[in-house]
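K.L.:
Input structure: input-v3.cif, which contains mmCIF, C-alpha atoms and all ligand atoms.
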```cif
data_entry
#
loop_
_atom_site.label_atom_id
_atom_site.label_comp_id
_atom_site.auth_asym_id
_atom_site.auth_seq_id
_atom_site.Cartn_x
_atom_site.Cartn_y
_atom_site.Cartn_z
CA MET B 965 -119.52 58.45 57.19
CA SER B 966 -118.69 56.58 60.44
CA ASP B 967 -119.23 58.08 63.87
CA PRO B 968 -116.14 58.11 66.12
CA LEU B 969 -117.82 55.30 68.14
CA LEU B 970 -116.18 51.89 68.08
CA ILE B 971 -118.03 48.80 69.34
CA TYR B 972 -115.55 46.08 70.30
CA GLY B 973 -116.95 42.53 70.37
CA ALA B 974 -119.63 43.72 67.94
CA THR B 975 -120.29 40.25 66.49
CA GLY B 976 -121.13 38.65 69.84
CA TYR B 977 -124.78 38.16 70.79
CA THR B 978 -124.92 41.31 72.93
CA GLY B 979 -122.60 43.24 70.60
CA ARG B 980 -125.17 42.67 67.86
CA CYS B 981 -127.98 43.93 70.15
CA ILE B 982 -125.92 47.06 70.87
CA THR B 983 -125.13 47.60 67.19
CA ALA B 984 -128.83 47.31 66.27
CA ALA B 985 -129.78 49.82 68.98
CA ALA B 986 -127.01 52.22 67.91
CA VAL B 987 -128.13 52.07 64.27
CA ALA B 988 -131.74 52.65 65.41
CA LEU B 989 -130.51 55.87 67.06
CA GLY B 990 -129.02 56.96 63.75
CA LEU B 991 -125.43 56.23 64.78
CA ARG B 992 -122.87 54.73 62.39
CA PRO B 993 -120.53 52.81 64.72
CA ILE B 994 -117.27 51.28 63.58
CA LEU B 995 -117.46 47.56 64.39
CA CYS B 996 -114.40 45.87 65.83
CA GLY B 997 -113.23 42.48 67.08
CA ARG B 998 -110.57 39.85 66.56
CA ALA B 999 -112.22 37.77 63.81
CA ALA B 1000 -112.19 39.42 60.37
CA PRO B 1001 -114.62 37.04 58.60
CA LYS B 1002 -117.33 37.47 61.26
CA LEU B 1003 -116.91 41.25 61.23
CA LYS B 1004 -117.08 41.47 57.45
CA ALA B 1005 -120.20 39.28 57.32
CA PHE B 1006 -121.95 41.38 59.98
CA ALA B 1007 -120.79 44.89 59.01
CA GLU B 1008 -121.14 44.85 55.24
CA PRO B 1009 -124.93 44.25 55.02
CA LEU B 1010 -125.37 47.12 57.52
CA GLY B 1011 -123.08 49.35 55.48
CA LEU B 1012 -120.85 49.88 58.53
CA ASP B 1013 -117.07 50.13 58.63
CA PHE B 1014 -115.12 47.49 60.54
CA ARG B 1015 -111.64 47.15 61.98
CA VAL B 1016 -109.81 44.03 63.14
CA ALA B 1017 -107.69 44.06 66.32
CA ALA B 1018 -106.73 41.42 68.87
CA LEU B 1019 -106.72 42.48 72.51
CA THR B 1020 -103.36 40.76 72.86
CA GLU B 1021 -101.77 43.08 70.24
CA PRO B 1022 -101.39 46.65 71.59
CA HIS B 1023 -100.27 48.05 68.20
CA GLN B 1024 -103.41 46.64 66.52
CA LEU B 1025 -105.59 48.15 69.24
CA ALA B 1026 -103.82 51.52 68.89
CA ALA B 1027 -104.50 51.47 65.14
CA ALA B 1028 -108.14 50.49 65.69
CA LEU B 1029 -108.63 53.41 68.09
CA GLY B 1030 -107.33 55.95 65.56
CA GLY B 1031 -109.89 58.77 65.22
CA VAL B 1032 -112.22 57.09 67.72
CA LYS B 1033 -113.80 59.22 70.46
CA VAL B 1034 -115.42 56.45 72.51
CA VAL B 1035 -115.05 52.67 72.75
CA LEU B 1036 -118.06 50.61 73.75
CA HIS B 1037 -116.54 47.34 74.89
CA ALA B 1038 -118.85 44.31 74.57
CA ALA B 1039 -116.38 41.38 74.54
CA GLY B 1040 -116.40 39.33 77.72
CA PRO B 1041 -115.68 37.77 80.16
CA PHE B 1042 -114.26 41.17 81.08
CA SER B 1043 -111.90 39.66 83.67
CA SER B 1044 -109.55 39.09 80.70
CA THR B 1045 -110.73 41.68 78.17
CA SER B 1046 -111.15 44.91 80.14
CA ARG B 1047 -107.51 45.52 81.07
CA PRO B 1048 -106.01 45.59 77.53
CA MET B 1049 -108.82 47.82 76.30
CA ILE B 1050 -108.63 50.35 79.14
CA ASP B 1051 -104.84 50.46 78.71
CA ALA B 1052 -105.32 51.21 75.00
CA CYS B 1053 -107.97 53.87 75.73
CA LEU B 1054 -105.70 55.59 78.25
CA ARG B 1055 -102.85 55.62 75.73
CA ALA B 1056 -105.08 56.93 72.93
CA GLY B 1057 -107.14 59.41 74.99
CA THR B 1058 -110.38 57.57 74.08
CA HIS B 1059 -113.42 57.41 76.39
CA TYR B 1060 -114.19 53.89 77.68
CA LEU B 1061 -117.62 52.29 78.15
CA ASP B 1062 -118.28 48.60 78.76
CA ILE B 1063 -121.12 46.21 79.61
CA THR B 1064 -119.45 44.29 82.40
CA GLY B 1065 -121.33 43.37 85.54
CA GLU B 1066 -118.23 41.78 87.10
CA ILE B 1067 -117.60 43.45 90.46
CA PRO B 1068 -113.78 42.94 90.52
CA VAL B 1069 -113.56 44.42 87.00
CA ILE B 1070 -115.55 47.51 88.00
CA GLU B 1071 -113.42 47.95 91.12
CA ALA B 1072 -110.25 47.64 89.01
CA LEU B 1073 -111.58 50.44 86.79
CA VAL B 1074 -112.26 52.61 89.86
CA ARG B 1075 -108.52 52.34 90.52
CA ARG B 1076 -107.77 53.85 87.06
CA ASP B 1077 -109.62 57.08 87.98
CA THR B 1078 -106.49 59.20 88.50
CA GLU B 1079 -104.99 58.11 85.16
CA ALA B 1080 -108.30 58.78 83.42
CA ARG B 1081 -108.47 62.31 84.83
CA ALA B 1082 -104.88 62.96 83.74
CA GLN B 1083 -105.73 61.77 80.20
CA ARG B 1084 -109.09 63.67 80.23
CA ILE B 1085 -111.07 60.52 79.47
CA MET B 1086 -114.21 59.09 81.05
CA ILE B 1087 -114.36 55.49 82.28
CA MET B 1088 -117.92 54.23 82.67
CA PRO B 1089 -118.32 50.45 83.05
CA ALA B 1090 -121.62 48.57 83.35
CA VAL B 1091 -123.70 50.50 80.80
CA GLY B 1092 -125.93 47.45 80.11
CA PHE B 1093 -128.93 46.01 81.96
CA ASP B 1094 -126.42 45.38 84.73
CA VAL B 1095 -126.38 48.20 86.03
CA VAL B 1096 -128.13 51.08 84.25
CA PRO B 1097 -131.76 50.50 85.37
CA SER B 1098 -130.90 49.35 88.91
CA ASP B 1099 -128.37 52.19 89.29
CA CYS B 1100 -131.02 54.72 88.28
CA LEU B 1101 -133.58 53.13 90.63
CA ALA B 1102 -131.08 53.09 93.50
CA ALA B 1103 -130.38 56.79 92.89
CA HIS B 1104 -134.13 57.51 92.86
CA VAL B 1105 -134.76 55.67 96.15
CA ALA B 1106 -131.67 57.26 97.73
CA ARG B 1107 -132.90 60.77 96.90
CA ARG B 1108 -136.27 59.87 98.49
CA LEU B 1109 -134.48 58.71 101.68
CA PRO B 1110 -131.28 60.79 102.00
CA THR B 1111 -130.49 59.20 105.40
CA ALA B 1112 -130.46 55.65 103.93
CA SER B 1113 -127.68 53.39 105.15
CA ARG B 1114 -128.71 50.16 103.43
CA LEU B 1115 -129.90 49.23 99.96
CA ALA B 1116 -131.46 45.90 98.99
CA ILE B 1117 -131.94 45.44 95.25
CA GLY B 1118 -134.14 42.64 93.87
CA LEU B 1119 -134.28 41.50 90.24
CA SER B 1120 -136.73 39.24 88.46
CA GLY B 1121 -137.29 38.08 84.89
CA LEU B 1122 -133.88 36.83 83.77
CA ARG B 1123 -134.75 33.38 82.39
CA PHE B 1124 -131.91 32.94 79.93
CA ALA B 1125 -128.13 33.42 79.87
CA THR B 1126 -126.13 33.66 76.64
CA ARG B 1127 -122.96 31.64 76.09
CA GLY B 1128 -120.90 34.70 76.98
CA SER B 1129 -122.85 35.30 80.19
CA ALA B 1130 -122.63 31.59 81.13
CA LYS B 1131 -118.83 31.66 80.68
CA THR B 1132 -118.65 34.81 82.78
CA LEU B 1133 -120.83 33.27 85.51
CA ALA B 1134 -118.65 30.13 85.54
CA GLU B 1135 -115.65 32.23 86.60
CA HIS B 1136 -117.46 33.28 89.79
CA VAL B 1137 -118.46 29.81 90.96
CA GLY B 1138 -116.99 28.96 94.34
CA TYR B 1139 -115.92 32.45 95.38
CA GLY B 1140 -118.90 33.32 97.56
CA VAL B 1141 -121.52 35.94 96.86
CA LEU B 1142 -120.31 39.52 97.07
CA VAL B 1143 -122.14 42.13 99.16
CA ARG B 1144 -121.07 45.52 100.51
CA ARG B 1145 -120.78 45.98 104.27
CA ASP B 1146 -119.75 49.32 105.81
CA GLY B 1147 -118.34 50.41 102.47
CA LEU B 1148 -116.25 47.28 101.88
CA ILE B 1149 -116.97 44.41 99.52
CA THR B 1150 -117.08 41.07 101.25
CA ALA B 1151 -118.18 37.50 100.40
CA VAL B 1152 -121.02 35.55 101.99
CA ALA B 1153 -121.90 31.88 101.45
CA PRO B 1154 -123.96 31.27 98.26
CA GLY B 1155 -127.65 30.82 99.09
CA ALA B 1156 -127.19 31.93 102.71
CA TRP B 1157 -129.18 35.19 102.52
CA SER B 1158 -132.75 35.47 101.33
CA ARG B 1159 -135.34 38.25 101.24
CA ARG B 1160 -138.82 38.72 99.79
CA PHE B 1161 -139.49 41.34 97.12
CA ASP B 1162 -142.76 42.21 95.41
CA TYR B 1163 -141.92 42.34 91.71
CA GLY B 1164 -145.56 43.05 90.90
CA ALA B 1165 -147.33 39.74 91.65
CA GLY B 1166 -146.92 39.49 95.42
CA PRO B 1167 -143.84 38.72 97.57
CA ARG B 1168 -141.29 36.39 95.98
CA GLU B 1169 -138.41 34.63 97.74
CA SER B 1170 -135.08 35.99 96.41
CA LEU B 1171 -131.45 35.01 97.03
CA THR B 1172 -128.28 37.11 97.05
CA ILE B 1173 -126.10 37.09 93.97
CA SER B 1174 -122.94 38.97 92.94
CA TRP B 1175 -124.22 41.79 90.70
CA GLY B 1176 -122.54 44.99 89.54
CA ASP B 1177 -124.56 47.30 91.80
CA VAL B 1178 -122.64 46.03 94.83
CA SER B 1179 -119.82 48.08 93.35
CA THR B 1180 -121.54 50.89 91.42
CA ALA B 1181 -124.47 51.82 93.70
CA PHE B 1182 -121.92 52.78 96.36
CA TYR B 1183 -120.33 55.37 94.03
CA THR B 1184 -123.75 56.56 92.84
CA THR B 1185 -125.45 56.92 96.23
CA GLY B 1186 -122.70 56.77 98.88
CA ILE B 1187 -124.78 54.15 100.75
CA PRO B 1188 -122.32 51.78 102.45
CA ASN B 1189 -124.41 48.58 102.75
CA ILE B 1190 -125.65 47.01 99.52
CA GLU B 1191 -127.04 43.58 98.66
CA VAL B 1192 -128.45 42.35 95.36
CA TYR B 1193 -130.95 39.46 95.09
CA PHE B 1194 -132.46 37.46 92.23
CA GLU B 1195 -135.91 35.87 92.38
CA ALA B 1196 -135.23 32.29 93.57
CA THR B 1197 -135.98 30.15 90.51
CA PRO B 1198 -135.14 26.40 90.71
CA MET B 1199 -132.17 27.07 88.36
CA LEU B 1200 -130.78 29.80 90.63
CA ARG B 1201 -131.15 27.62 93.73
CA ALA B 1202 -129.31 24.76 91.99
CA MET B 1203 -126.49 27.07 90.86
CA LEU B 1204 -126.04 28.57 94.31
CA MET B 1205 -126.06 25.16 95.99
CA ALA B 1206 -123.46 23.85 93.51
CA SER B 1207 -121.37 26.94 94.15
CA ARG B 1208 -121.68 26.53 97.92
CA TYR B 1209 -120.88 22.83 98.21
CA LEU B 1210 -118.74 22.16 95.13
CA GLY B 1211 -117.24 25.60 94.59
CA GLY B 1212 -113.77 24.63 95.80
CA ILE B 1213 -113.62 22.02 93.03
CA LEU B 1214 -115.50 23.95 90.35
CA ASN B 1215 -113.08 26.86 90.43
CA THR B 1216 -110.04 24.68 89.69
CA ALA B 1217 -108.57 24.95 86.17
CA PRO B 1218 -109.86 21.61 84.76
CA TRP B 1219 -113.42 22.24 86.00
CA GLN B 1220 -113.34 25.83 84.75
CA MET B 1221 -112.36 24.51 81.33
CA TRP B 1222 -115.19 21.96 81.48
CA LEU B 1223 -117.77 24.57 82.59
CA LYS B 1224 -116.73 26.93 79.79
CA THR B 1225 -116.89 24.09 77.25
CA CYS B 1226 -120.44 23.36 78.47
CA ALA B 1227 -121.25 27.08 78.09
CA GLU B 1228 -120.07 26.91 74.45
CA MET B 1229 -122.70 24.22 73.83
CA LEU B 1230 -125.59 26.40 75.00
CA PRO B 1231 -127.79 28.14 72.44
CA GLU B 1232 -126.18 31.46 71.53
CA GLY B 1233 -129.14 33.43 72.88
CA GLN B 1234 -132.86 33.94 72.42
CA ARG B 1235 -134.38 35.09 69.14
CA GLU B 1236 -135.56 38.69 68.87
CA GLU B 1237 -139.25 37.72 69.09
CA GLU B 1238 -138.59 35.65 72.24
CA ARG B 1239 -136.79 38.62 73.78
CA ALA B 1240 -139.65 40.93 72.86
CA ALA B 1241 -142.06 38.69 74.82
CA SER B 1242 -140.00 38.97 78.06
CA ALA B 1243 -139.71 41.74 80.63
CA MET B 1244 -137.70 42.50 83.75
CA ALA B 1245 -138.70 43.89 87.16
CA ILE B 1246 -136.37 45.57 89.64
CA VAL B 1247 -137.20 46.58 93.21
CA VAL B 1248 -134.97 48.76 95.37
CA GLU B 1249 -135.62 49.04 99.10
CA ALA B 1250 -133.69 51.43 101.36
CA ASP B 1251 -133.72 51.91 105.10
CA ASP B 1252 -131.75 54.08 107.49
CA GLY B 1253 -131.65 51.83 110.54
CA ALA B 1254 -134.14 54.14 112.31
CA ARG B 1255 -137.34 52.68 110.82
CA ARG B 1256 -137.45 55.07 107.87
CA ARG B 1257 -137.83 53.26 104.56
CA ALA B 1258 -138.28 54.01 100.88
CA SER B 1259 -138.82 51.63 97.99
CA ALA B 1260 -139.64 51.70 94.31
CA ARG B 1261 -140.11 49.30 91.40
CA LEU B 1262 -138.97 49.58 87.80
CA ARG B 1263 -140.11 47.54 84.79
CA THR B 1264 -137.92 47.29 81.73
CA PRO B 1265 -137.78 45.32 78.47
CA GLU B 1266 -135.85 42.01 78.37
CA ALA B 1267 -132.28 42.28 79.67
CA TYR B 1268 -130.19 41.66 76.50
CA SER B 1269 -132.31 43.86 74.24
CA PHE B 1270 -132.31 46.50 76.94
CA THR B 1271 -128.53 46.26 77.27
CA GLY B 1272 -128.36 47.31 73.61
CA VAL B 1273 -130.65 50.26 74.27
CA THR B 1274 -128.94 51.55 77.42
CA ALA B 1275 -125.43 51.11 76.03
CA ALA B 1276 -126.26 52.85 72.74
CA ALA B 1277 -128.05 55.70 74.55
CA ILE B 1278 -125.00 56.30 76.76
CA ALA B 1279 -122.62 56.10 73.78
CA GLN B 1280 -124.74 58.78 72.09
CA ARG B 1281 -124.42 60.99 75.19
CA VAL B 1282 -120.64 60.64 75.03
CA LEU B 1283 -120.58 61.45 71.31
CA ASN B 1284 -122.53 64.63 72.25
CA ASN B 1285 -119.79 65.51 74.78
CA ASP B 1286 -122.05 64.79 77.76
CA ILE B 1287 -119.20 63.40 79.85
CA GLU B 1288 -117.18 63.95 83.00
CA VAL B 1289 -113.63 62.73 83.09
CA GLY B 1290 -112.57 59.99 85.50
CA PHE B 1291 -114.50 56.96 86.75
CA GLN B 1292 -118.25 57.47 86.50
CA THR B 1293 -121.41 55.46 87.12
CA PRO B 1294 -124.47 55.79 84.86
CA ALA B 1295 -126.89 57.36 87.36
CA ARG B 1296 -124.27 59.50 89.09
CA LEU B 1297 -123.59 61.27 85.79
CA TYR B 1298 -126.89 61.02 83.91
CA GLY B 1299 -129.27 61.06 86.89
CA ALA B 1300 -131.93 58.80 88.39
CA ASP B 1301 -134.44 59.65 85.65
CA PHE B 1302 -132.13 58.83 82.71
CA VAL B 1303 -133.71 55.39 82.32
CA LEU B 1304 -137.26 56.78 82.19
CA ALA B 1305 -136.60 58.31 78.77
CA LEU B 1306 -136.04 54.81 77.28
CA ALA B 1307 -138.94 52.95 75.65
CA GLY B 1308 -140.77 50.35 77.75
CA VAL B 1309 -139.56 51.62 81.17
CA HIS B 1310 -142.01 52.33 84.01
CA ARG B 1311 -141.23 53.33 87.59
CA GLU B 1312 -143.53 53.35 90.62
CA ASP B 1313 -142.94 54.23 94.26
CA LEU B 1314 -144.08 51.49 96.61
CA ASP B 1315 -144.53 53.33 99.91
N1 LIG B 1401 -123.88 43.85 82.11
C1 LIG B 1401 -124.83 43.40 81.33
O1 LIG B 1401 -125.97 43.78 81.47
C2 LIG B 1401 -124.50 42.41 80.26
C3 LIG B 1401 -125.46 42.08 79.31
C4 LIG B 1401 -125.12 41.18 78.31
C5 LIG B 1401 -123.85 40.62 78.27
N2 LIG B 1401 -122.95 40.96 79.23
C6 LIG B 1401 -121.60 40.39 79.20
O2 LIG B 1401 -121.04 40.68 77.94
C7 LIG B 1401 -120.14 39.65 77.57
C8 LIG B 1401 -120.48 39.14 76.18
O3 LIG B 1401 -121.73 38.49 76.21
P1 LIG B 1401 -122.39 37.90 74.88
O4 LIG B 1401 -123.72 37.45 75.26
O5 LIG B 1401 -122.29 38.89 73.79
O6 LIG B 1401 -121.42 36.67 74.56
P2 LIG B 1401 -121.00 36.03 73.17
O7 LIG B 1401 -122.15 35.97 72.24
O8 LIG B 1401 -120.29 34.76 73.51
O9 LIG B 1401 -119.96 37.07 72.53
C9 LIG B 1401 -118.72 37.31 73.12
C10 LIG B 1401 -117.96 38.28 72.25
O10 LIG B 1401 -116.74 38.62 72.92
C11 LIG B 1401 -115.64 38.34 72.05
N3 LIG B 1401 -114.50 37.93 72.85
C12 LIG B 1401 -114.49 37.11 73.93
N4 LIG B 1401 -113.25 36.98 74.41
C13 LIG B 1401 -112.46 37.74 73.61
C14 LIG B 1401 -111.07 38.03 73.62
N5 LIG B 1401 -110.25 37.48 74.51
N6 LIG B 1401 -110.59 38.86 72.66
C15 LIG B 1401 -111.42 39.43 71.75
N7 LIG B 1401 -112.74 39.19 71.70
C16 LIG B 1401 -113.25 38.36 72.63
C17 LIG B 1401 -116.13 37.24 71.13
O11 LIG B 1401 -115.34 37.24 69.96
P3 LIG B 1401 -115.13 35.90 69.06
O12 LIG B 1401 -116.43 35.72 68.32
O13 LIG B 1401 -113.97 36.24 68.21
O14 LIG B 1401 -114.87 34.77 70.04
C18 LIG B 1401 -117.57 37.72 70.91
O15 LIG B 1401 -117.61 38.75 69.94
C19 LIG B 1401 -120.24 38.59 78.67
O16 LIG B 1401 -119.19 38.79 79.58
C20 LIG B 1401 -121.57 38.89 79.33
O17 LIG B 1401 -121.62 38.47 80.67
C21 LIG B 1401 -123.25 41.84 80.20
#
```
Kindly return the structure encoded in the file as structure tokens.
Ligand SMILES: NC(=O)c1ccc[n+]([C@@H]2O[C@H](COP(=O)([O-])OP(=O)(O)OC[C@H]3O[C@@H](n4cnc5c(N)ncnc54)[C@H](OP(=O)(O)O)[C@@H]3O)[C@@H](O)[C@H]2O)c1

P.N.:
Amino acid sequence: MSDPLLIYGATGYTGRCITAAAVALGLRPILCGRAAPKLKAFAEPLGLDFRVAALTEPHQLAAALGGVKVVLHAAGPFSSTSRPMIDACLRAGTHYLDITGEIPVIEALVRRDTEARAQRIMIMPAVGFDVVPSDCLAAHVARRLPTASRLAIGLSGLRFATRGSAKTLAEHVGYGVLVRRDGLITAVAPGAWSRRFDYGAGPRESLTISWGDVSTAFYTTGIPNIEVYFEATPMLRAMLMASRYLGGILNTAPWQMWLKTCAEMLPEGQREEERAASAMAIVVEADDGARRRASARLRTPEAYSFTGVTAAAIAQRVLNNDIEVGFQTPARLYGADFVLALAGVHREDLD
């Protein structure tokens, strides 16, 4: 018997991680996507039901959502996939979860809040590695420093991007790095801002990147100034420099097509045993402009495996009616300590 949980994009690399984590929780998701042969080949050995629907066909999506309580959307880039799915969820009265980390997509979903409340559905984007652990850590640091006016979030450990992530990243080349200033999202030059974070082995140079928390941490904590940094690996420096000096060219249609074709040639993703050997570290530092500071560090399993775990855990909450209608962020609804219940997660205060 299937659960009324539908995973869309289930045959993608991350969709498969989410499906595995959902099955490990004892869930029986319905798998969905646009390619019937891939779905059949993936679903049948697992004994799971599958449905075929193209995002471009509203009647197919409506049929796929029949009897479904919550959609967990894993097909990206979400710049083109989120809108048709949220439209279908609003029409069907189905709760919406996704694993985007794309700031404009999250902000577009914020603007659907009134419709979601009218339809009594919950919209919760970014239930993957980007942003569940950092959102929970930001909420934890914010409750330790209630006067905080600025959050700086540092991430380390991401050594690999899947084809889907590489295509998604390509779309953001040349548009500047997004940060939040006085409540508003604004762009700064790629590579222009740096900061040192201690991820556990001493201070490490880190550079600003556009990451979902610039959107979500504001709704979780109310803090109006937010920046997110990645540890400055040679690959990150090269990407930011290319974005800064060639961005105007790289975001034109022919170059976008070329970048996405290159992304298609990348390995699909790491093997499970390679993922198991990796780990992530997140540091959140807050200050209130009056010399008061708070900071904490979180360690998690590898990002793609952990995306499966966080997304499946949140889907299970929704199936158990642990929801609030309207736009929600993970830590605002489930609390700063939600992430601590997941295997392989450790948090420590740094001050
Ligand atoms: N926030 C996070 O922490 C996080 C973590 C991991 C991934 N992600 C994001 O999740 C997305 C998927 O990543 P991935 O690693 O799973 O990539 P992937 O292996 O390339 O899989 C992409 C999946 O999306 C489907 N898809 C793409 N465009 C579609 C469309 N227009 N209509 C229907 N299905 C479509 C693909 O279906 P076909 O096979 O039919 O092409 C495939 O199932 C990316 O945007 C990535 O950045 C976010």

K.L.:
Could you check how far CA of Leu1142 in chain B sits from CA of Leu1262 in chain B, in Å to one decimal?

P.N.:
23.1 Å

K.L.:
Would you name the residues within 8 Å of ligand LIG 1401 (chain B), counting all atoms listed in the file, and put them as a VMD selection string?

P.N.:
chain B and resid 972 to 980 997 to 999 1002 1018 to 1020 1038 to 1042 1044 to 1045 1063 to 1066 1090 to 1095 1125 to 1133 1176 1228 1232 to 1233 1267 to 1268 1271

K.L.:
Rounded to one decimal place, report the CA of Gly1057 in chain B-CA of Lys1033 in chain B distance in Å.

P.N.:
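So the answer is 8.1 Å.
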
K.L.:
With distances taken over only C-alpha atoms, which residue among B:Pro1022, B:Pro1265, B:Pro1218, B:Gly1164 lies nearest Ala1240 in chain B?

P.N.:
B:Pro1265

K.L.:
Let me have the centre and edge lengths of the axis-aligned box enclosing all listed atoms of range 1180-1188 of chain B with 6 Å padding on every side, in Å to one decimal, as AutoDock Vina command-line options.

P.N.:
```
--center_x -122.9 --center_y 53.9 --center_z 96.9 --size_x 17.1 --size_y 18.0 --size_z 23.0
```

K.L.:
Just the number, please: distance in Å from CA of Ser1179 in chain B to CA of Arg1263 in chain B, one decimal.

P.N.:
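A separation of 22.0 Å between them.
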
K.L.:
Could you give me, as an mmCIF file with C-alpha atoms, in the frame of the given file, the residues within 12 Å of Thr1078 in chain B, counting all atoms listed in the file and dropping anything in the same chain fewer than 6 positions from it?

P.N.:
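Okay, this is what ended up in selection16.cif:
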```cif
data_model
loop_
_atom_site.group_PDB
_atom_site.id
_atom_site.type_symbol
_atom_site.label_atom_id
_atom_site.label_comp_id
_atom_site.auth_asym_id
_atom_site.auth_seq_id
_atom_site.Cartn_x
_atom_site.Cartn_y
_atom_site.Cartn_z
ATOM 1 C CA LEU B 1054 -105.700 55.590 78.250
ATOM 2 C CA ARG B 1084 -109.090 63.670 80.230
ATOM 3 C CA ILE B 1085 -111.070 60.520 79.470
ATOM 4 C CA MET B 1086 -114.210 59.090 81.050
ATOM 5 C CA ILE B 1087 -114.360 55.490 82.280
ATOM 6 C CA VAL B 1289 -113.630 62.730 83.090
ATOM 7 C CA GLY B 1290 -112.570 59.990 85.500
ATOM 8 C CA PHE B 1291 -114.500 56.960 86.750
#
```
